[in-house]
>>> print(open('run-v8.json').read())   # JSON, C-alpha atoms
[["chain", "number", "residue", "atom", "x", "y", "z"],
["W", 1, "MET", "CA", 91.85, 79.70, 106.83],
["W", 2, "GLU", "CA", 90.78, 81.72, 109.86],
["W", 3, "TYR", "CA", 87.17, 82.68, 110.51],
["W", 4, "VAL", "CA", 85.22, 85.36, 112.33],
["W", 5, "THR", "CA", 81.87, 84.69, 113.97],
["W", 6, "LEU", "CA", 79.17, 87.16, 112.97],
["W", 7, "ASN", "CA", 76.61, 88.50, 115.44],
["W", 8, "ASN", "CA", 74.11, 85.79, 114.46],
["W", 9, "GLY", "CA", 76.58, 82.92, 114.93],
["W", 10, "VAL", "CA", 77.44, 82.45, 111.25],
["W", 11, "GLU", "CA", 81.13, 81.87, 110.56],
["W", 12, "MET", "CA", 82.75, 83.92, 107.78],
["W", 13, "PRO", "CA", 86.27, 83.43, 106.36],
["W", 14, "ILE", "CA", 88.48, 86.34, 107.35],
["W", 15, "LEU", "CA", 90.11, 86.41, 103.89],
["W", 16, "GLY", "CA", 87.96, 86.54, 100.78],
["W", 17, "PHE", "CA", 88.27, 86.88, 97.02],
["W", 18, "GLY", "CA", 86.59, 89.88, 95.38],
["W", 19, "VAL", "CA", 85.57, 90.18, 91.73],
["W", 20, "TYR", "CA", 85.10, 93.94, 91.41],
["W", 21, "GLN", "CA", 86.21, 95.16, 87.96],
["W", 22, "ILE", "CA", 87.03, 91.65, 86.76],
["W", 23, "PRO", "CA", 85.61, 91.37, 83.22],
["W", 24, "GLN", "CA", 82.87, 88.82, 82.70],
["W", 25, "GLU", "CA", 85.04, 86.74, 80.38],
["W", 26, "GLU", "CA", 87.71, 86.40, 83.10],
["W", 27, "THR", "CA", 85.51, 86.06, 86.19],
["W", 28, "LYS", "CA", 84.73, 82.33, 86.06],
["W", 29, "GLN", "CA", 88.36, 81.27, 85.74],
["W", 30, "ALA", "CA", 89.52, 83.76, 88.39],
["W", 31, "VAL", "CA", 86.98, 82.39, 90.88],
["W", 32, "LEU", "CA", 87.89, 78.79, 90.04],
["W", 33, "ASP", "CA", 91.57, 79.63, 90.54],
["W", 34, "ALA", "CA", 90.82, 81.31, 93.87],
["W", 35, "ILE", "CA", 88.83, 78.32, 95.10],
["W", 36, "SER", "CA", 91.58, 75.92, 93.98],
["W", 37, "VAL", "CA", 94.12, 77.95, 95.97],
["W", 38, "GLY", "CA", 91.99, 77.75, 99.12],
["W", 39, "TYR", "CA", 89.66, 80.75, 99.15],
["W", 40, "ARG", "CA", 86.19, 79.89, 100.37],
["W", 41, "SER", "CA", 84.69, 83.39, 100.47],
["W", 42, "ILE", "CA", 83.71, 85.01, 97.15],
["W", 43, "ASP", "CA", 82.43, 88.60, 97.04],
["W", 44, "THR", "CA", 80.43, 89.97, 94.11],
["W", 45, "ALA", "CA", 77.67, 92.57, 93.61],
["W", 46, "GLN", "CA", 74.79, 93.41, 91.33],
["W", 47, "SER", "CA", 76.71, 96.44, 90.07],
["W", 48, "TYR", "CA", 79.71, 94.30, 89.10],
["W", 49, "PHE", "CA", 77.62, 92.60, 86.40],
["W", 50, "ASN", "CA", 79.40, 89.27, 86.88],
["W", 51, "GLU", "CA", 77.14, 87.36, 89.29],
["W", 52, "GLU", "CA", 76.33, 84.84, 86.55],
["W", 53, "GLN", "CA", 79.99, 84.08, 85.95],
["W", 54, "VAL", "CA", 80.56, 83.63, 89.70],
["W", 55, "GLY", "CA", 77.61, 81.23, 89.64],
["W", 56, "GLU", "CA", 79.17, 79.27, 86.78],
["W", 57, "ALA", "CA", 82.35, 78.82, 88.80],
["W", 58, "ILE", "CA", 80.40, 77.70, 91.88],
["W", 59, "LYS", "CA", 78.58, 75.13, 89.77],
["W", 60, "GLU", "CA", 81.79, 73.81, 88.22],
["W", 61, "THR", "CA", 83.93, 73.55, 91.35],
["W", 62, "ASP", "CA", 84.15, 70.29, 93.29],
["W", 63, "VAL", "CA", 84.05, 72.19, 96.60],
["W", 64, "LEU", "CA", 80.78, 71.61, 98.42],
["W", 65, "ARG", "CA", 78.33, 74.52, 98.48],
["W", 66, "GLU", "CA", 78.22, 74.56, 102.28],
["W", 67, "GLU", "CA", 81.98, 75.13, 102.38],
["W", 68, "LEU", "CA", 81.64, 78.32, 100.33],
["W", 69, "PHE", "CA", 80.66, 81.74, 101.64],
["W", 70, "ILE", "CA", 79.06, 83.84, 98.89],
["W", 71, "THR", "CA", 78.41, 87.56, 99.25],
["W", 72, "THR", "CA", 76.55, 89.89, 96.92],
["W", 73, "LYS", "CA", 75.39, 93.48, 97.25],
["W", 74, "ILE", "CA", 72.19, 95.30, 96.31],
["W", 75, "TRP", "CA", 72.64, 98.33, 94.08],
["W", 76, "ILE", "CA", 70.91, 101.66, 94.77],
["W", 77, "ASP", "CA", 68.33, 101.39, 91.99],
["W", 78, "ASN", "CA", 67.05, 98.20, 93.61],
["W", 79, "TYR", "CA", 66.40, 99.87, 96.96],
["W", 80, "GLY", "CA", 62.94, 100.06, 98.47],
["W", 81, "TYR", "CA", 61.19, 96.99, 99.89],
["W", 82, "GLU", "CA", 59.67, 95.37, 96.80],
["W", 83, "LYS", "CA", 62.51, 96.12, 94.37],
["W", 84, "CYS", "CA", 65.13, 94.90, 96.80],
["W", 85, "LYS", "CA", 63.31, 91.64, 97.45],
["W", 86, "GLU", "CA", 62.83, 91.03, 93.73],
["W", 87, "SER", "CA", 66.48, 91.81, 93.02],
["W", 88, "VAL", "CA", 67.68, 89.27, 95.60],
["W", 89, "TYR", "CA", 65.72, 86.55, 93.82],
["W", 90, "GLU", "CA", 67.32, 87.69, 90.56],
["W", 91, "SER", "CA", 70.76, 87.45, 92.17],
["W", 92, "LEU", "CA", 69.92, 83.97, 93.47],
["W", 93, "GLU", "CA", 69.02, 82.92, 89.95],
["W", 94, "LYS", "CA", 72.17, 84.42, 88.42],
["W", 95, "LEU", "CA", 74.34, 82.79, 91.05],
["W", 96, "GLY", "CA", 72.47, 79.49, 90.70],
["W", 97, "LEU", "CA", 71.99, 79.26, 94.46],
["W", 98, "ASP", "CA", 69.20, 78.36, 96.86],
["W", 99, "TYR", "CA", 70.57, 80.81, 99.43],
["W", 100, "ILE", "CA", 73.21, 83.53, 99.69],
["W", 101, "ASP", "CA", 75.51, 83.64, 102.72],
["W", 102, "LEU", "CA", 75.69, 87.43, 103.01],
["W", 103, "VAL", "CA", 73.77, 90.21, 101.28],
["W", 104, "LEU", "CA", 74.79, 93.84, 101.77],
["W", 105, "LEU", "CA", 73.24, 97.16, 100.84],
["W", 106, "HIS", "CA", 75.98, 98.57, 98.63],
["W", 107, "GLN", "CA", 75.70, 102.32, 99.27],
["W", 108, "PRO", "CA", 74.07, 104.59, 101.93],
["W", 109, "PHE", "CA", 71.73, 106.35, 99.48],
["W", 110, "ALA", "CA", 68.04, 106.27, 98.41],
["W", 111, "ASP", "CA", 65.51, 104.11, 100.30],
["W", 112, "TYR", "CA", 67.94, 101.86, 102.13],
["W", 113, "TYR", "CA", 65.52, 101.58, 105.06],
["W", 114, "GLY", "CA", 62.93, 99.87, 102.86],
["W", 115, "ALA", "CA", 65.61, 97.72, 101.25],
["W", 116, "TYR", "CA", 66.93, 96.63, 104.62],
["W", 117, "ARG", "CA", 63.43, 95.55, 105.72],
["W", 118, "ALA", "CA", 63.32, 93.32, 102.65],
["W", 119, "LEU", "CA", 66.66, 91.77, 103.63],
["W", 120, "GLU", "CA", 65.34, 91.16, 107.13],
["W", 121, "ASP", "CA", 62.34, 89.26, 105.73],
["W", 122, "LEU", "CA", 64.50, 87.25, 103.32],
["W", 123, "TYR", "CA", 66.78, 86.40, 106.23],
["W", 124, "LYS", "CA", 63.80, 85.10, 108.18],
["W", 125, "GLU", "CA", 62.75, 83.07, 105.13],
["W", 126, "GLY", "CA", 66.17, 81.41, 104.97],
["W", 127, "LYS", "CA", 67.17, 82.88, 101.61],
["W", 128, "ILE", "CA", 70.04, 84.81, 103.25],
["W", 129, "ARG", "CA", 72.25, 83.61, 106.11],
["W", 130, "ALA", "CA", 73.42, 87.09, 107.16],
["W", 131, "ILE", "CA", 72.62, 90.68, 106.16],
["W", 132, "GLY", "CA", 74.54, 93.91, 106.36],
["W", 133, "VAL", "CA", 75.65, 97.10, 104.66],
["W", 134, "SER", "CA", 78.58, 98.59, 102.80],
["W", 135, "ASN", "CA", 80.11, 102.07, 102.84],
["W", 136, "PHE", "CA", 78.04, 103.18, 105.84],
["W", 137, "TYR", "CA", 79.90, 105.85, 107.82],
["W", 138, "PRO", "CA", 79.87, 105.68, 111.65],
["W", 139, "ASP", "CA", 76.74, 107.82, 111.99],
["W", 140, "ARG", "CA", 74.83, 105.76, 109.39],
["W", 141, "ILE", "CA", 75.79, 102.36, 110.78],
["W", 142, "THR", "CA", 74.90, 103.54, 114.28],
["W", 143, "ASP", "CA", 71.50, 104.64, 112.99],
["W", 144, "MET", "CA", 70.96, 101.26, 111.30],
["W", 145, "CYS", "CA", 71.78, 99.44, 114.51],
["W", 146, "LEU", "CA", 69.86, 101.55, 117.01],
["W", 147, "PHE", "CA", 66.71, 102.82, 115.33],
["W", 148, "GLY", "CA", 63.90, 100.66, 114.01],
["W", 149, "ARG", "CA", 65.86, 97.62, 112.90],
["W", 150, "GLU", "CA", 64.79, 94.14, 113.91],
["W", 151, "ILE", "CA", 68.14, 92.64, 112.94],
["W", 152, "VAL", "CA", 71.46, 94.38, 113.60],
["W", 153, "PRO", "CA", 73.65, 94.39, 110.45],
["W", 154, "ALA", "CA", 76.19, 91.59, 110.66],
["W", 155, "VAL", "CA", 78.80, 93.31, 108.46],
["W", 156, "ASN", "CA", 79.76, 96.78, 107.29],
["W", 157, "GLN", "CA", 82.17, 96.69, 104.34],
["W", 158, "VAL", "CA", 84.20, 99.89, 104.05],
["W", 159, "GLU", "CA", 87.35, 101.21, 102.41],
["W", 160, "THR", "CA", 90.23, 100.15, 104.66],
["W", 161, "ASN", "CA", 93.95, 100.28, 103.90],
["W", 162, "PRO", "CA", 97.10, 101.52, 105.66],
["W", 163, "LEU", "CA", 96.47, 105.11, 104.54],
["W", 164, "ASN", "CA", 92.81, 105.06, 105.55],
["W", 165, "ALA", "CA", 92.88, 102.61, 108.42],
["W", 166, "GLN", "CA", 89.40, 103.25, 109.90],
["W", 167, "TYR", "CA", 90.46, 102.65, 113.51],
["W", 168, "GLY", "CA", 87.68, 104.80, 114.94],
["W", 169, "ALA", "CA", 85.07, 103.26, 112.65],
["W", 170, "GLN", "CA", 86.16, 99.80, 113.75],
["W", 171, "GLU", "CA", 85.82, 100.66, 117.44],
["W", 172, "ASN", "CA", 82.32, 101.98, 116.78],
["W", 173, "MET", "CA", 81.41, 98.78, 114.95],
["W", 174, "LYS", "CA", 82.78, 96.67, 117.79],
["W", 175, "ASP", "CA", 80.53, 98.57, 120.20],
["W", 176, "LEU", "CA", 77.58, 97.87, 117.89],
["W", 177, "ASN", "CA", 78.53, 94.19, 117.41],
["W", 178, "VAL", "CA", 79.04, 94.66, 113.67],
["W", 179, "GLN", "CA", 81.90, 92.95, 111.83],
["W", 180, "MET", "CA", 84.11, 95.29, 109.83],
["W", 181, "ALA", "CA", 85.14, 94.17, 106.34],
["W", 182, "ALA", "CA", 87.73, 95.88, 104.15],
["W", 183, "TRP", "CA", 87.52, 96.62, 100.45],
["W", 184, "VAL", "CA", 90.55, 97.87, 98.45],
["W", 185, "PRO", "CA", 93.07, 96.86, 101.13],
["W", 186, "PHE", "CA", 95.86, 97.74, 98.69],
["W", 187, "GLY", "CA", 94.32, 101.08, 97.71],
["W", 188, "GLU", "CA", 94.64, 99.88, 94.11],
["W", 189, "GLY", "CA", 98.35, 100.64, 94.46],
["W", 190, "MET", "CA", 97.73, 104.36, 94.82],
["W", 191, "GLN", "CA", 100.32, 106.58, 96.53],
["W", 192, "GLY", "CA", 102.99, 103.91, 96.16],
["W", 193, "MET", "CA", 101.23, 101.40, 98.40],
["W", 194, "PHE", "CA", 103.21, 98.41, 97.11],
["W", 195, "THR", "CA", 106.54, 100.22, 97.40],
["W", 196, "ASN", "CA", 105.88, 101.99, 100.68],
["W", 197, "GLU", "CA", 109.14, 101.90, 102.64],
["W", 198, "THR", "CA", 107.53, 100.96, 105.95],
["W", 199, "LEU", "CA", 105.53, 98.08, 104.45],
["W", 200, "VAL", "CA", 108.42, 96.82, 102.32],
["W", 201, "ASN", "CA", 110.87, 96.84, 105.25],
["W", 202, "ILE", "CA", 108.43, 95.02, 107.52],
["W", 203, "GLY", "CA", 107.87, 92.47, 104.78],
["W", 204, "LYS", "CA", 111.61, 91.81, 104.41],
["W", 205, "LYS", "CA", 111.73, 90.57, 108.01],
["W", 206, "TYR", "CA", 109.30, 87.79, 107.17],
["W", 207, "GLY", "CA", 110.13, 87.17, 103.53],
["W", 208, "LYS", "CA", 106.80, 88.68, 102.50],
["W", 209, "SER", "CA", 105.65, 91.37, 100.09],
["W", 210, "ALA", "CA", 104.08, 94.69, 101.07],
["W", 211, "ALA", "CA", 100.72, 93.31, 99.90],
["W", 212, "GLN", "CA", 101.05, 90.31, 102.21],
["W", 213, "VAL", "CA", 101.96, 92.61, 105.10],
["W", 214, "ILE", "CA", 98.79, 94.65, 104.48],
["W", 215, "LEU", "CA", 96.60, 91.55, 104.47],
["W", 216, "ARG", "CA", 98.24, 90.24, 107.64],
["W", 217, "TRP", "CA", 97.81, 93.66, 109.32],
["W", 218, "LEU", "CA", 94.08, 93.55, 108.65],
["W", 219, "ILE", "CA", 93.71, 89.91, 109.69],
["W", 220, "GLN", "CA", 95.44, 90.64, 113.01],
["W", 221, "ARG", "CA", 93.00, 93.51, 113.53],
["W", 222, "LYS", "CA", 90.19, 90.94, 113.05],
["W", 223, "VAL", "CA", 89.01, 92.77, 109.93],
["W", 224, "VAL", "CA", 87.54, 90.62, 107.17],
["W", 225, "VAL", "CA", 89.52, 91.48, 104.05],
["W", 226, "LEU", "CA", 88.82, 91.06, 100.33],
["W", 227, "CYS", "CA", 91.51, 90.99, 97.68],
["W", 228, "LYS", "CA", 91.36, 90.60, 93.91],
["W", 229, "SER", "CA", 93.55, 89.43, 91.07],
["W", 230, "THR", "CA", 93.16, 87.57, 87.79],
["W", 231, "HIS", "CA", 96.73, 86.23, 87.92],
["W", 232, "LEU", "CA", 97.13, 82.82, 89.55],
["W", 233, "GLU", "CA", 100.51, 83.59, 91.10],
["W", 234, "ARG", "CA", 99.19, 86.77, 92.71],
["W", 235, "ILE", "CA", 96.07, 84.92, 93.90],
["W", 236, "LYS", "CA", 98.37, 82.38, 95.56],
["W", 237, "GLU", "CA", 100.57, 85.11, 97.06],
["W", 238, "ASN", "CA", 97.60, 86.93, 98.57],
["W", 239, "PHE", "CA", 96.42, 83.70, 100.19],
["W", 240, "ASP", "CA", 99.84, 82.94, 101.69],
["W", 241, "VAL", "CA", 99.44, 85.09, 104.79],
["W", 242, "PHE", "CA", 98.67, 82.60, 107.54],
["W", 243, "ASP", "CA", 102.22, 81.44, 108.24],
["W", 244, "PHE", "CA", 103.58, 84.58, 109.91],
["W", 245, "LYS", "CA", 102.53, 87.16, 112.48],
["W", 246, "LEU", "CA", 103.36, 90.85, 112.67],
["W", 247, "SER", "CA", 104.83, 92.05, 115.95],
["W", 248, "ASP", "CA", 103.24, 94.75, 118.08],
["W", 249, "GLU", "CA", 106.00, 97.07, 116.89],
["W", 250, "ASP", "CA", 105.12, 96.31, 113.26],
["W", 251, "MET", "CA", 101.47, 97.06, 113.92],
["W", 252, "GLU", "CA", 102.41, 100.40, 115.50],
["W", 253, "GLU", "CA", 104.65, 101.34, 112.58],
["W", 254, "ILE", "CA", 101.83, 100.66, 110.11],
["W", 255, "LYS", "CA", 99.48, 102.69, 112.29],
["W", 256, "LYS", "CA", 101.68, 105.75, 111.67],
["W", 257, "LEU", "CA", 100.79, 105.60, 107.96],
["W", 258, "ASN", "CA", 97.13, 106.40, 108.62],
["W", 259, "THR", "CA", 95.88, 109.73, 107.23],
["W", 260, "ASN", "CA", 92.15, 109.23, 107.95],
["W", 261, "ASP", "CA", 91.43, 110.29, 104.36],
["W", 262, "SER", "CA", 89.79, 108.23, 101.64],
["W", 263, "LEU", "CA", 91.87, 107.42, 98.59],
["W", 264, "PHE", "CA", 88.72, 107.28, 96.48],
["W", 265, "PHE", "CA", 85.61, 109.25, 97.40],
["W", 266, "ASN", "CA", 83.56, 110.96, 100.06],
["W", 267, "HIS", "CA", 79.99, 109.67, 100.28],
["W", 268, "GLN", "CA", 78.97, 112.96, 101.87],
["W", 269, "ASP", "CA", 79.96, 114.97, 98.77],
["W", 270, "PRO", "CA", 76.87, 115.72, 96.61],
["W", 271, "GLU", "CA", 78.93, 115.59, 93.42],
["W", 272, "MET", "CA", 80.16, 112.14, 94.36],
["W", 273, "VAL", "CA", 76.59, 110.96, 94.89],
["W", 274, "ARG", "CA", 75.78, 112.12, 91.35],
["W", 275, "TRP", "CA", 78.89, 110.33, 90.09],
["W", 276, "PHE", "CA", 77.74, 107.01, 91.56],
["W", 277, "ASP", "CA", 74.45, 107.28, 89.71],
["W", 278, "GLU", "CA", 76.08, 108.21, 86.40],
["W", 279, "MET", "CA", 78.88, 105.65, 86.70],
["W", 280, "VAL", "CA", 76.62, 102.63, 87.19],
["W", 281, "GLU", "CA", 74.16, 103.82, 84.55],
["W", 282, "THR", "CA", 77.04, 104.00, 82.08],
["W", 283, "ARG", "CA", 78.26, 100.54, 83.03],
["W", 284, "ARG", "CA", 74.73, 99.15, 82.85],
["W", 285, "ASN", "CA", 74.29, 100.48, 79.33],
["W", 286, "GLN", "CA", 77.66, 99.04, 78.31],
["W", 287, "HIS", "CA", 76.69, 95.68, 79.80],
["W", 288, "LYS", "CA", 73.34, 95.74, 77.99],
["W", 289, "ALA", "CA", 74.99, 96.61, 74.67],
["W", 290, "SER", "CA", 77.54, 93.84, 75.14],
["W", 291, "SER", "CA", 74.82, 91.31, 75.96],
["W", 292, "GLU", "CA", 72.83, 92.30, 72.87],
["W", 293, "GLN", "CA", 75.92, 91.98, 70.71],
["W", 294, "LYS", "CA", 76.60, 88.45, 72.00],
["W", 295, "LYS", "CA", 73.07, 87.42, 71.02],
["W", 296, "TRP", "CA", 73.91, 88.25, 67.42]]
>>> encode(input="run-v8.json", output="structure tokens")
Amino acid sequence: MEYVTLNNGVEMPILGFGVYQIPQEETKQAVLDAISVGYRSIDTAQSYFNEEQVGEAIKETDVLREELFITTKIWIDNYGYEKCKESVYESLEKLGLDYIDLVLLHQPFADYYGAYRALEDLYKEGKIRAIGVSNFYPDRITDMCLFGREIVPAVNQVETNPLNAQYGAQENMKDLNVQMAAWVPFGEGMQGMFTNETLVNIGKKYGKSAAQVILRWLIQRKVVVLCKSTHLERIKENFDVFDFKLSDEDMEEIKKLNTNDSLFFNHQDPEMVRWFDEMVETRRNQHKASSEQKKW
């Protein structure tokens, strides 16, 4: 495993395992499989509704707690100082942990200033080892770093894949001393990501898949990357990216694929902001109904 050093000196694995959209009943085993393969960074969120299952896996594994790097994210309805602080303690309880390695504000909406102040205080109290944000565009992350913050965000997790490479955003983060992290590196397979001719041909030179080429491309850019699967063989494949190196020519060829357009959503679109609110409310109600049903 390779590591990056965050702006407060904390070391973070450059390759992590994400549990977004993994059903609760599959999360524990997926995390245990990932840890057995060699992953030491696990990324969850309040809005994924599977923190408890991640916690069960952490408790069951033989890997020491201090060897694991656990990330969770605060959802919008827990923003504001008091609600954010309370929600972190709830996440700690669900995860069964005394501290969380990294806590991010999940979206750039609502009272994220108040929520960030809560994270700063929890960081000072030792409940969090590093704090940061997610989905903050260059103007928002610059604001968070320059105006009124005691602690510069350690990480900004954003959509990053060959079709939306975020080169400019990464340069801005470097200037601000913020580590860039990538979610959906495979673009969920959209627009033929796994069969893209450029990625497939580069992979053939090294005996690697297009997915492995994407992960290696991000690692060589020093971007922390999260990948997800519930299939053990794919979990192993995604981890097997430290035994080869892309050439400068390969990196340039992949750069040509960049369109600078999101494959998913624009946070500056009012309709998309409404969608976020409705989507999580729907999922929350489904989670609540499922939990009630299990009690019976």
>>> closest_residue(input="run-v8.json", among="W:Gly126, W:Gly203, W:Pro108, W:Gly18", to="Asp77 (chain W)", atoms="all atoms listed in the file")
W:Pro108
>>> residues_around(input="run-v8.json", residues="Thr142 (chain W)", least_positions_apart="6", cutoff="12 Å", atoms="all atoms listed in the file", output="VMD selection string")
chain W and resid 133 136 148 to 149 152 to 153 156 169 to 178
>>> atom_distance(input="run-v8.json", atom1="CA of Glu51 (chain W)", atom2="CA of Arg274 (chain W)")
24.9 Å
>>> closest_residue(input="run-v8.json", among="W:Val280, W:Val213, W:Ile202, W:Ala115", to="Lys83 (chain W)", atoms="all atoms listed in the file")
W:Ala115
>>> closest_residue(input="run-v8.json", among="W:Ile42, W:Val158, W:Val88, W:Ile100", to="Ile14 (chain W)", atoms="only C-alpha atoms")
W:Ile42
>>> closest_residue(input="run-v8.json", among="W:Val241, W:Val54, W:Ile35, W:Ala154", to="Pro23 (chain W)", atoms="all atoms listed in the file")
W:Val54
>>> residues_around(input="run-v8.json", residues="Glu233 (chain W)", least_positions_apart="5", cutoff="10 Å", atoms="only C-alpha atoms", output="PyMOL selection string")
chain W and resi 33+37+238-239
>>> residues_around(input="run-v8.json", residues="region 162-166 of chain W", least_positions_apart="6", cutoff="7 Å", atoms="only C-alpha atoms", output="PyMOL selection string")
chain W and resi 254+257-262
>>> residues_around(input="run-v8.json", residues="Ser91 (chain W)", least_positions_apart="6", cutoff="12 Å", atoms="all atoms listed in the file", output="number ranges by chain")
W: 44-55, 70-75, 78, 84-85, 97-100, 102-103, 127-128
>>> closest_residue(input="run-v8.json", among="W:Tyr89, W:Phe17, W:Trp183, W:Phe242", to="Gln212 (chain W)", atoms="all atoms listed in the file")
W:Phe242
>>> residues_around(input="run-v8.json", residues="Leu199 (chain W)", least_positions_apart="5", cutoff="12 Å", atoms="all atoms listed in the file", output="JSON, numbers by chain")
{"W": [161, 162, 163, 186, 192, 193, 194, 204, 205, 206, 207, 208, 209, 210, 211, 212, 213, 214, 215, 216, 217, 246, 250, 251, 252, 253, 254, 255, 256, 257]}
>>> closest_residue(input="run-v8.json", among="W:Leu6, W:Ala34, W:Ala182, W:Ile22", to="Ile235 (chain W)", atoms="all atoms listed in the file")
W:Ala34
>>> atom_distance(input="run-v8.json", atom1="CA of Glu278 (chain W)", atom2="CA of Ala118 (chain W)")
25.5 Å
>>> decode(input="run-v8.json", residues="region 27-38 of chain W", atoms="N, CA and C atoms", output="PDB file, in the first residue's frame")
ATOM      1  N   THR W  27     -22.836  -5.419   3.354  1.00  0.00           N
ATOM      2  CA  THR W  27     -21.740  -4.503   3.699  1.00  0.00           C
ATOM      3  C   THR W  27     -20.684  -5.155   4.574  1.00  0.00           C
ATOM      4  N   LYS W  28     -21.092  -5.828   5.633  1.00  0.00           N
ATOM      5  CA  LYS W  28     -20.123  -6.420   6.561  1.00  0.00           C
ATOM      6  C   LYS W  28     -19.169  -7.354   5.844  1.00  0.00           C
ATOM      7  N   GLN W  29     -19.699  -8.273   5.038  1.00  0.00           N
ATOM      8  CA  GLN W  29     -18.843  -9.233   4.357  1.00  0.00           C
ATOM      9  C   GLN W  29     -17.955  -8.550   3.326  1.00  0.00           C
ATOM     10  N   ALA W  30     -18.490  -7.547   2.626  1.00  0.00           N
ATOM     11  CA  ALA W  30     -17.682  -6.830   1.637  1.00  0.00           C
ATOM     12  C   ALA W  30     -16.494  -6.147   2.300  1.00  0.00           C
ATOM     13  N   VAL W  31     -16.735  -5.531   3.455  1.00  0.00           N
ATOM     14  CA  VAL W  31     -15.642  -4.850   4.166  1.00  0.00           C
ATOM     15  C   VAL W  31     -14.640  -5.875   4.686  1.00  0.00           C
ATOM     16  N   LEU W  32     -15.119  -6.979   5.231  1.00  0.00           N
ATOM     17  CA  LEU W  32     -14.201  -8.023   5.702  1.00  0.00           C
ATOM     18  C   LEU W  32     -13.359  -8.569   4.546  1.00  0.00           C
ATOM     19  N   ASP W  33     -13.985  -8.764   3.391  1.00  0.00           N
ATOM     20  CA  ASP W  33     -13.238  -9.233   2.224  1.00  0.00           C
ATOM     21  C   ASP W  33     -12.175  -8.216   1.819  1.00  0.00           C
ATOM     22  N   ALA W  34     -12.563  -6.941   1.806  1.00  0.00           N
ATOM     23  CA  ALA W  34     -11.615  -5.892   1.411  1.00  0.00           C
ATOM     24  C   ALA W  34     -10.426  -5.846   2.368  1.00  0.00           C
ATOM     25  N   ILE W  35     -10.693  -5.949   3.652  1.00  0.00           N
ATOM     26  CA  ILE W  35      -9.603  -5.918   4.633  1.00  0.00           C
ATOM     27  C   ILE W  35      -8.711  -7.142   4.468  1.00  0.00           C
ATOM     28  N   SER W  36      -9.312  -8.307   4.194  1.00  0.00           N
ATOM     29  CA  SER W  36      -8.517  -9.523   4.026  1.00  0.00           C
ATOM     30  C   SER W  36      -7.610  -9.434   2.799  1.00  0.00           C
ATOM     31  N   VAL W  37      -8.061  -8.710   1.770  1.00  0.00           N
ATOM     32  CA  VAL W  37      -7.271  -8.536   0.551  1.00  0.00           C
ATOM     33  C   VAL W  37      -6.100  -7.583   0.787  1.00  0.00           C
ATOM     34  N   GLY W  38      -6.278  -6.630   1.704  1.00  0.00           N
ATOM     35  CA  GLY W  38      -5.195  -5.683   1.985  1.00  0.00           C
ATOM     36  C   GLY W  38      -5.620  -4.241   2.138  1.00  0.00           C
TER      37      GLY W  38
END
